[in-house]
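*Asks:* Take a look at structure_28.csv, CSV, C-alpha atoms:
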```csv
chain,number,residue,atom,x,y,z
A,1,MET,CA,-0.8,-18.4,-4.9
A,2,PRO,CA,0.3,-15.8,-2.4
A,3,VAL,CA,3.5,-13.8,-3.0
A,4,GLU,CA,6.3,-14.6,-0.6
A,5,ILE,CA,9.6,-12.9,0.5
A,6,GLY,CA,12.1,-13.5,-2.3
A,7,ASP,CA,9.5,-13.6,-5.1
A,8,THR,CA,9.4,-11.1,-7.9
A,9,ALA,CA,6.7,-8.5,-7.1
A,10,PRO,CA,3.7,-8.9,-9.4
A,11,GLU,CA,3.5,-6.2,-12.0
A,12,PHE,CA,0.5,-4.0,-12.1
A,13,THR,CA,-0.9,-0.8,-13.6
A,14,LEU,CA,-3.5,1.2,-11.7
A,15,LYS,CA,-5.0,4.7,-11.8
A,16,ASN,CA,-3.5,7.1,-9.3
A,17,GLN,CA,-5.3,9.9,-7.5
A,18,ASP,CA,-5.1,12.0,-10.7
A,19,SER,CA,-6.6,9.2,-12.9
A,20,GLU,CA,-3.1,8.7,-14.5
A,21,ASP,CA,-1.9,5.2,-15.1
A,22,MET,CA,0.9,4.2,-12.8
A,23,SER,CA,2.8,0.9,-13.0
A,24,LEU,CA,5.1,-0.9,-10.6
A,25,SER,CA,7.7,-0.8,-13.3
A,26,ASP,CA,7.6,3.0,-13.2
A,27,TYR,CA,9.6,2.6,-10.0
A,28,LYS,CA,12.2,0.1,-11.4
A,29,GLY,CA,15.5,0.3,-9.6
A,30,GLU,CA,14.0,2.0,-6.5
A,31,ASN,CA,13.1,0.6,-3.1
A,32,ILE,CA,9.3,0.7,-2.7
A,33,VAL,CA,7.1,0.5,0.4
A,34,LEU,CA,3.8,-0.8,-1.0
A,35,LEU,CA,0.9,-0.3,1.4
A,36,PHE,CA,-2.6,-1.7,0.9
A,37,PHE,CA,-5.2,-0.1,3.1
A,38,PRO,CA,-9.0,-0.7,3.5
A,39,PHE,CA,-10.6,2.8,3.2
A,40,ALA,CA,-9.6,6.4,2.7
A,41,PHE,CA,-10.9,8.6,5.5
A,42,SER,CA,-11.2,5.9,8.1
A,43,SER,CA,-9.3,6.8,11.3
A,44,VAL,CA,-6.8,4.0,11.2
A,45,CYS,CA,-6.0,4.5,7.5
A,46,THR,CA,-5.6,8.2,8.0
A,47,LYS,CA,-3.1,7.6,10.8
A,48,GLU,CA,-1.2,5.1,8.8
A,49,MET,CA,-0.8,7.3,5.7
A,50,ARG,CA,0.2,10.3,7.8
A,51,ARG,CA,2.8,8.3,9.7
A,52,MET,CA,4.2,7.0,6.4
A,53,GLN,CA,4.4,10.6,5.2
A,54,ASP,CA,6.2,11.7,8.3
A,55,GLU,CA,8.5,8.7,8.9
A,56,PHE,CA,9.3,7.4,5.5
A,57,ASN,CA,8.7,9.7,2.7
A,58,ASN,CA,10.3,12.6,4.5
A,59,ASN,CA,13.3,10.5,5.6
A,60,LEU,CA,15.7,10.6,2.7
A,61,ASP,CA,18.1,8.2,4.5
A,62,LEU,CA,15.7,5.4,3.8
A,63,ASP,CA,15.6,6.0,0.0
A,64,ALA,CA,12.3,4.4,-0.7
A,65,GLN,CA,9.2,5.4,-2.6
A,66,VAL,CA,5.9,5.0,-0.8
A,67,ILE,CA,2.8,3.8,-2.7
A,68,GLY,CA,-0.6,3.4,-1.2
A,69,ILE,CA,-3.3,1.2,-2.7
A,70,SER,CA,-7.0,0.8,-1.8
A,71,VAL,CA,-10.2,-0.1,-3.5
A,72,ASP,CA,-11.4,3.5,-3.3
A,73,SER,CA,-12.0,5.4,-6.5
A,74,PRO,CA,-9.3,7.8,-7.9
A,75,TYR,CA,-11.6,10.7,-7.0
A,76,THR,CA,-11.9,9.7,-3.4
A,77,LEU,CA,-8.1,9.1,-3.2
A,78,LYS,CA,-7.4,12.6,-4.6
A,79,ILE,CA,-9.5,14.3,-1.9
A,80,PHE,CA,-7.9,12.1,0.8
A,81,ARG,CA,-4.4,12.8,-0.5
A,82,ASP,CA,-5.0,16.5,-0.7
A,83,MET,CA,-6.7,16.8,2.7
A,84,ASN,CA,-3.8,15.0,4.3
A,85,LYS,CA,-1.1,16.7,2.3
A,86,LEU,CA,0.4,13.4,1.3
A,87,ASN,CA,3.3,13.6,-1.2
A,88,PHE,CA,3.2,10.0,-2.5
A,89,ASN,CA,0.9,8.3,-5.0
A,90,LEU,CA,-2.3,6.6,-3.9
A,91,LEU,CA,-3.6,4.0,-6.4
A,92,SER,CA,-7.1,2.8,-7.0
A,93,ASP,CA,-7.5,-0.9,-7.1
A,94,PHE,CA,-11.2,-0.4,-7.8
A,95,ASN,CA,-11.5,-3.8,-9.6
A,96,LYS,CA,-9.6,-5.5,-6.7
A,97,GLU,CA,-7.2,-7.3,-9.0
A,98,VAL,CA,-3.9,-6.2,-7.5
A,99,SER,CA,-5.1,-6.6,-3.9
A,100,ARG,CA,-5.9,-10.2,-4.8
A,101,LYS,CA,-2.5,-10.7,-6.5
A,102,TYR,CA,-0.8,-9.7,-3.3
A,103,ASP,CA,-3.1,-11.8,-1.1
A,104,SER,CA,-4.4,-8.5,0.4
A,105,LEU,CA,-8.1,-8.7,-0.2
A,106,TYR,CA,-11.0,-9.4,2.2
A,107,GLU,CA,-13.5,-11.2,0.0
A,108,LEU,CA,-16.0,-10.3,2.7
A,109,TYR,CA,-15.1,-7.4,5.0
A,110,ASN,CA,-16.4,-7.2,8.5
A,111,PRO,CA,-19.6,-9.4,7.9
A,112,GLU,CA,-20.9,-8.7,11.5
A,113,LYS,CA,-21.1,-5.0,10.8
A,114,TYR,CA,-20.9,-4.1,7.1
A,115,SER,CA,-20.6,-7.2,4.9
A,116,TYR,CA,-18.7,-5.3,2.1
A,117,ASN,CA,-17.5,-7.4,-0.7
A,118,GLY,CA,-13.8,-6.9,-1.7
A,119,VAL,CA,-11.9,-4.6,0.6
A,120,SER,CA,-8.1,-4.3,0.7
A,121,LYS,CA,-6.4,-5.8,3.8
A,122,ARG,CA,-4.0,-3.6,5.6
A,123,SER,CA,-0.7,-4.9,4.3
A,124,ALA,CA,2.9,-3.7,3.8
A,125,PHE,CA,5.4,-4.9,1.3
A,126,VAL,CA,9.0,-3.7,0.8
A,127,ILE,CA,10.1,-4.3,-2.8
A,128,GLY,CA,13.8,-4.0,-3.4
A,129,ARG,CA,15.6,-2.3,-6.2
A,130,ASP,CA,15.9,-5.7,-7.9
A,131,GLY,CA,12.0,-6.1,-7.9
A,132,LYS,CA,12.0,-8.8,-5.3
A,133,ILE,CA,9.8,-8.8,-2.2
A,134,LYS,CA,12.1,-8.1,0.9
A,135,TYR,CA,9.3,-7.8,3.5
A,136,LYS,CA,5.7,-8.9,3.7
A,137,GLU,CA,3.2,-8.2,6.4
A,138,ILE,CA,-0.5,-8.8,6.2
A,139,CYS,CA,-2.1,-7.4,9.4
A,140,PRO,CA,-4.5,-9.7,11.2
A,141,THR,CA,-7.3,-7.1,11.5
A,142,PRO,CA,-8.1,-3.8,9.8
A,143,GLY,CA,-7.4,-2.0,13.1
A,144,ASP,CA,-3.8,-3.1,13.3
A,145,GLN,CA,-0.9,-1.0,12.0
A,146,PRO,CA,2.1,-2.4,10.1
A,147,ASP,CA,5.3,-2.9,12.0
A,148,TYR,CA,7.0,0.4,11.0
A,149,ASP,CA,10.3,-0.5,12.7
A,150,SER,CA,10.6,-3.8,10.7
A,151,ILE,CA,9.9,-1.9,7.5
A,152,LYS,CA,12.7,0.6,8.3
A,153,LYS,CA,15.1,-2.2,9.2
A,154,THR,CA,14.4,-3.9,5.9
A,155,LEU,CA,15.1,-0.7,4.0
A,156,GLU,CA,18.3,0.0,6.1
A,157,ASN,CA,19.7,-3.4,5.2
A,158,ASP,CA,19.1,-3.1,1.5
```
Any chance you could put this one into structure tokens?
*Replies:*
Amino acid sequence: MPVEIGDTAPEFTLKNQDSEDMSLSDYKGENIVLLFFPFAFSSVCTKEMRRMQDEFNNNLDLDAQVIGISVDSPYTLKIFRDMNKLNFNLLSDFNKEVSRKYDSLYELYNPEKYSYNGVSKRSAFVIGRDGKIKYKEICPTPGDQPDYDSIKKTLEND
């Protein structure tokens, strides 16, 4: 069953870019912008992560932790994070369990061109200090970007 606004965000533990276990509960009591993205190093994903760095993580007024999740390996995510000078954690959902929990998984990705099995959908969730989902957006296509203004408004109203 997909998660909805008002639901408690499903707990998870994944490896970050440094192969360290990170859990959602590590951020208990903080606002979180949780971003699922298809692939490190793709042009749209790179733009999204850089924009999140510039607009959200460097904006202390919004008081939120940014976390990115993809099905890439921790090793790929480390290089991607370092090359883009990102200062937030990127988590590897290599086994696709968390993407599935958040209804953010293409079982079959771009069958006309690639036919990859199990790729994260571009999705954005705002999780409030209380652990509840305050904002949910699953982009219709991998080329779409999340609505950054709506994410900001959700955080400003928290």
*Asks:* With only C-alpha atoms as the atoms that count, which of A:Ser99, A:Ser92, A:Gln53, A:Ser120 lies nearest to Lys78 in chain A?
*Replies:*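 That would be A:Ser92, the residue with the smallest distance to Lys78 in chain A.
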*Asks:* Determine, counting all atoms listed in the file, which protein, DNA and RNA residues have an atom within 12 Å of an atom of Lys136 in chain A; residues of the same chain fewer than 2 positions away are not included. Present the result as a PyMOL selection string.
*Replies:* chain A and resi 2-7+9+33-36+102-104+122-128+132-134+138-139+146-148+150-151+154
*Asks:* I'd like to know which of A:Arg81, A:Lys121, A:Arg51, A:Arg129 is closest to Thr141 in chain A, using only C-alpha atoms.
*Replies:*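 Going through A:Arg81, A:Lys121, A:Arg51, A:Arg129 one by one, the smallest distance to Thr141 in chain A is for A:Lys121.
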*Asks:* Looking at all atoms listed in the file, which of A:Asp63, A:Glu20, A:Glu11, A:Asp26 is the one that sits closest to Tyr75 in chain A?
*Replies:*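 Nearest to Tyr75 in chain A: A:Glu20.
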*Asks:* Quick one: distance from CA of Phe39 in chain A to CA of Pro10 in chain A in Å, one decimal?
*Replies:*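 Computed distance, CA of Phe39 in chain A to CA of Pro10 in chain A, equals 22.4 Å.
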*Asks:* Between A:Tyr135, A:Leu14, A:Ile69, A:Pro74, which has the minimum distance to Lys153 in chain A (counting all atoms listed in the file)?
*Replies:* A:Tyr135
*Asks:* Name the residues, using the chain letters and numbers of the file, that sit within 12 Å of (-17.3, 5.4, -5.4) when counting all atoms listed in the file, and give them as a ChimeraX atom specification.
*Replies:* /A:39-40,70-77,92-95
*Asks:* Within 8 Å of Thr13 in chain A, counting only C-alpha atoms, which residues show up once you throw out same-chain ones fewer than 4 positions away? Write them as a PyMOL selection string, please.
*Replies:* chain A and resi 21-24
*Asks:* What would the file look like if the residues just selected were written as an mmCIF file, keeping the file's coordinate frame with C-alpha atoms?
*Replies:*
```
data_model
loop_
_atom_site.group_PDB
_atom_site.id
_atom_site.type_symbol
_atom_site.label_atom_id
_atom_site.label_comp_id
_atom_site.auth_asym_id
_atom_site.auth_seq_id
_atom_site.Cartn_x
_atom_site.Cartn_y
_atom_site.Cartn_z
ATOM 1 C CA ASP A 21 -1.900 5.200 -15.100
ATOM 2 C CA MET A 22 0.900 4.200 -12.800
ATOM 3 C CA SER A 23 2.800 0.900 -13.000
ATOM 4 C CA LEU A 24 5.100 -0.900 -10.600
#
```
*Asks:* Choose the residue, out of A:Tyr116, A:Asp54, A:Cys45, A:Met83, that has the smallest atom-to-atom separation from Gly68 in chain A; count only C-alpha atoms.
*Replies:*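 Going through A:Tyr116, A:Asp54, A:Cys45, A:Met83 one by one, the smallest distance to Gly68 in chain A is for A:Cys45.
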*Asks:* When distances are computed from only C-alpha atoms, which of A:Asn87, A:Glu97, A:Leu108, A:Gln145 shows the smallest separation from Glu48 in chain A?
*Replies:*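 Among A:Asn87, A:Glu97, A:Leu108, A:Gln145, it is A:Gln145 that comes nearest to Glu48 in chain A.
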*Asks:* Any idea what the distance is between CA of Ser19 in chain A and CA of Leu90 in chain A?
*Replies:*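 These two atoms are separated by 10.3 Å.
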*Asks:* In Å, rounded to a single decimal, give me how far CA of Gly118 in chain A is from CA of Phe12 in chain A.
*Replies:*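 According to the coordinates, CA of Phe12 in chain A and CA of Gly118 in chain A are separated by 17.9 Å.
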*Asks:* Mind filling out range 49-78 of chain A with N, CA and C atoms and sending it as a compact mmCIF listing (two decimals), in the coordinates of the input?
*Replies:*
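rebuild-v6.txt was written with the following content:
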```txt
# COMPACT_ATOMS: atom_id res chain seq x y z
N MET A 49 -1.37 6.51 6.82
CA MET A 49 -0.80 7.30 5.70
C MET A 49 -0.06 8.52 6.20
N ARG A 50 -0.54 9.17 7.23
CA ARG A 50 0.20 10.30 7.80
C ARG A 50 1.51 9.88 8.39
N ARG A 51 1.51 8.75 9.07
CA ARG A 51 2.80 8.30 9.70
C ARG A 51 3.76 7.91 8.55
N MET A 52 3.28 7.29 7.48
CA MET A 52 4.20 7.00 6.40
C MET A 52 4.76 8.25 5.78
N GLN A 53 3.94 9.26 5.67
CA GLN A 53 4.40 10.60 5.20
C GLN A 53 5.51 11.09 6.07
N ASP A 54 5.26 11.10 7.36
CA ASP A 54 6.20 11.70 8.30
C ASP A 54 7.47 10.88 8.47
N GLU A 55 7.33 9.57 8.57
CA GLU A 55 8.50 8.70 8.90
C GLU A 55 9.27 8.23 7.70
N PHE A 56 8.60 8.00 6.61
CA PHE A 56 9.30 7.40 5.50
C PHE A 56 9.53 8.31 4.34
N ASN A 57 8.50 8.93 3.85
CA ASN A 57 8.70 9.70 2.70
C ASN A 57 9.48 10.99 2.92
N ASN A 58 9.48 11.48 4.15
CA ASN A 58 10.30 12.60 4.50
C ASN A 58 11.69 12.25 4.97
N ASN A 59 11.97 10.98 5.08
CA ASN A 59 13.30 10.50 5.60
C ASN A 59 14.10 10.04 4.39
N LEU A 60 14.90 10.93 3.87
CA LEU A 60 15.70 10.60 2.70
C LEU A 60 16.71 9.53 2.91
N ASP A 61 17.09 9.29 4.16
CA ASP A 61 18.10 8.20 4.50
C ASP A 61 17.54 6.86 4.08
N LEU A 62 16.23 6.68 4.10
CA LEU A 62 15.70 5.40 3.80
C LEU A 62 15.56 5.10 2.30
N ASP A 63 15.60 6.14 1.49
CA ASP A 63 15.60 6.00 0.00
C ASP A 63 14.60 5.01 -0.48
N ALA A 64 13.35 5.31 -0.22
CA ALA A 64 12.30 4.40 -0.70
C ALA A 64 11.08 5.29 -1.15
N GLN A 65 10.41 4.81 -2.16
CA GLN A 65 9.20 5.40 -2.60
C GLN A 65 8.01 4.73 -1.93
N VAL A 66 7.07 5.51 -1.43
CA VAL A 66 5.90 5.00 -0.80
C VAL A 66 4.74 5.01 -1.80
N ILE A 67 3.99 3.92 -1.86
CA ILE A 67 2.80 3.80 -2.70
C ILE A 67 1.68 3.24 -1.87
N GLY A 68 0.54 3.90 -1.84
CA GLY A 68 -0.60 3.40 -1.20
C GLY A 68 -1.65 2.86 -2.16
N ILE A 69 -2.31 1.74 -1.81
CA ILE A 69 -3.30 1.20 -2.70
C ILE A 69 -4.56 0.82 -1.86
N SER A 70 -5.72 1.24 -2.37
CA SER A 70 -7.00 0.80 -1.80
C SER A 70 -8.00 0.60 -2.90
N VAL A 71 -9.17 0.11 -2.53
CA VAL A 71 -10.20 -0.10 -3.50
C VAL A 71 -11.06 1.14 -3.75
N ASP A 72 -10.70 2.24 -3.10
CA ASP A 72 -11.40 3.50 -3.30
C ASP A 72 -11.20 3.99 -4.74
N SER A 73 -12.10 4.85 -5.20
CA SER A 73 -12.00 5.40 -6.50
C SER A 73 -10.84 6.45 -6.57
N PRO A 74 -10.31 6.74 -7.75
CA PRO A 74 -9.30 7.80 -7.90
C PRO A 74 -9.77 9.13 -7.31
N TYR A 75 -11.04 9.42 -7.48
CA TYR A 75 -11.60 10.70 -7.00
C TYR A 75 -11.56 10.81 -5.51
N THR A 76 -11.92 9.73 -4.84
CA THR A 76 -11.90 9.70 -3.40
C THR A 76 -10.42 9.82 -2.92
N LEU A 77 -9.52 9.10 -3.59
CA LEU A 77 -8.10 9.10 -3.20
C LEU A 77 -7.50 10.51 -3.40
N LYS A 78 -7.93 11.23 -4.41
CA LYS A 78 -7.40 12.60 -4.60
C LYS A 78 -7.78 13.50 -3.46
```
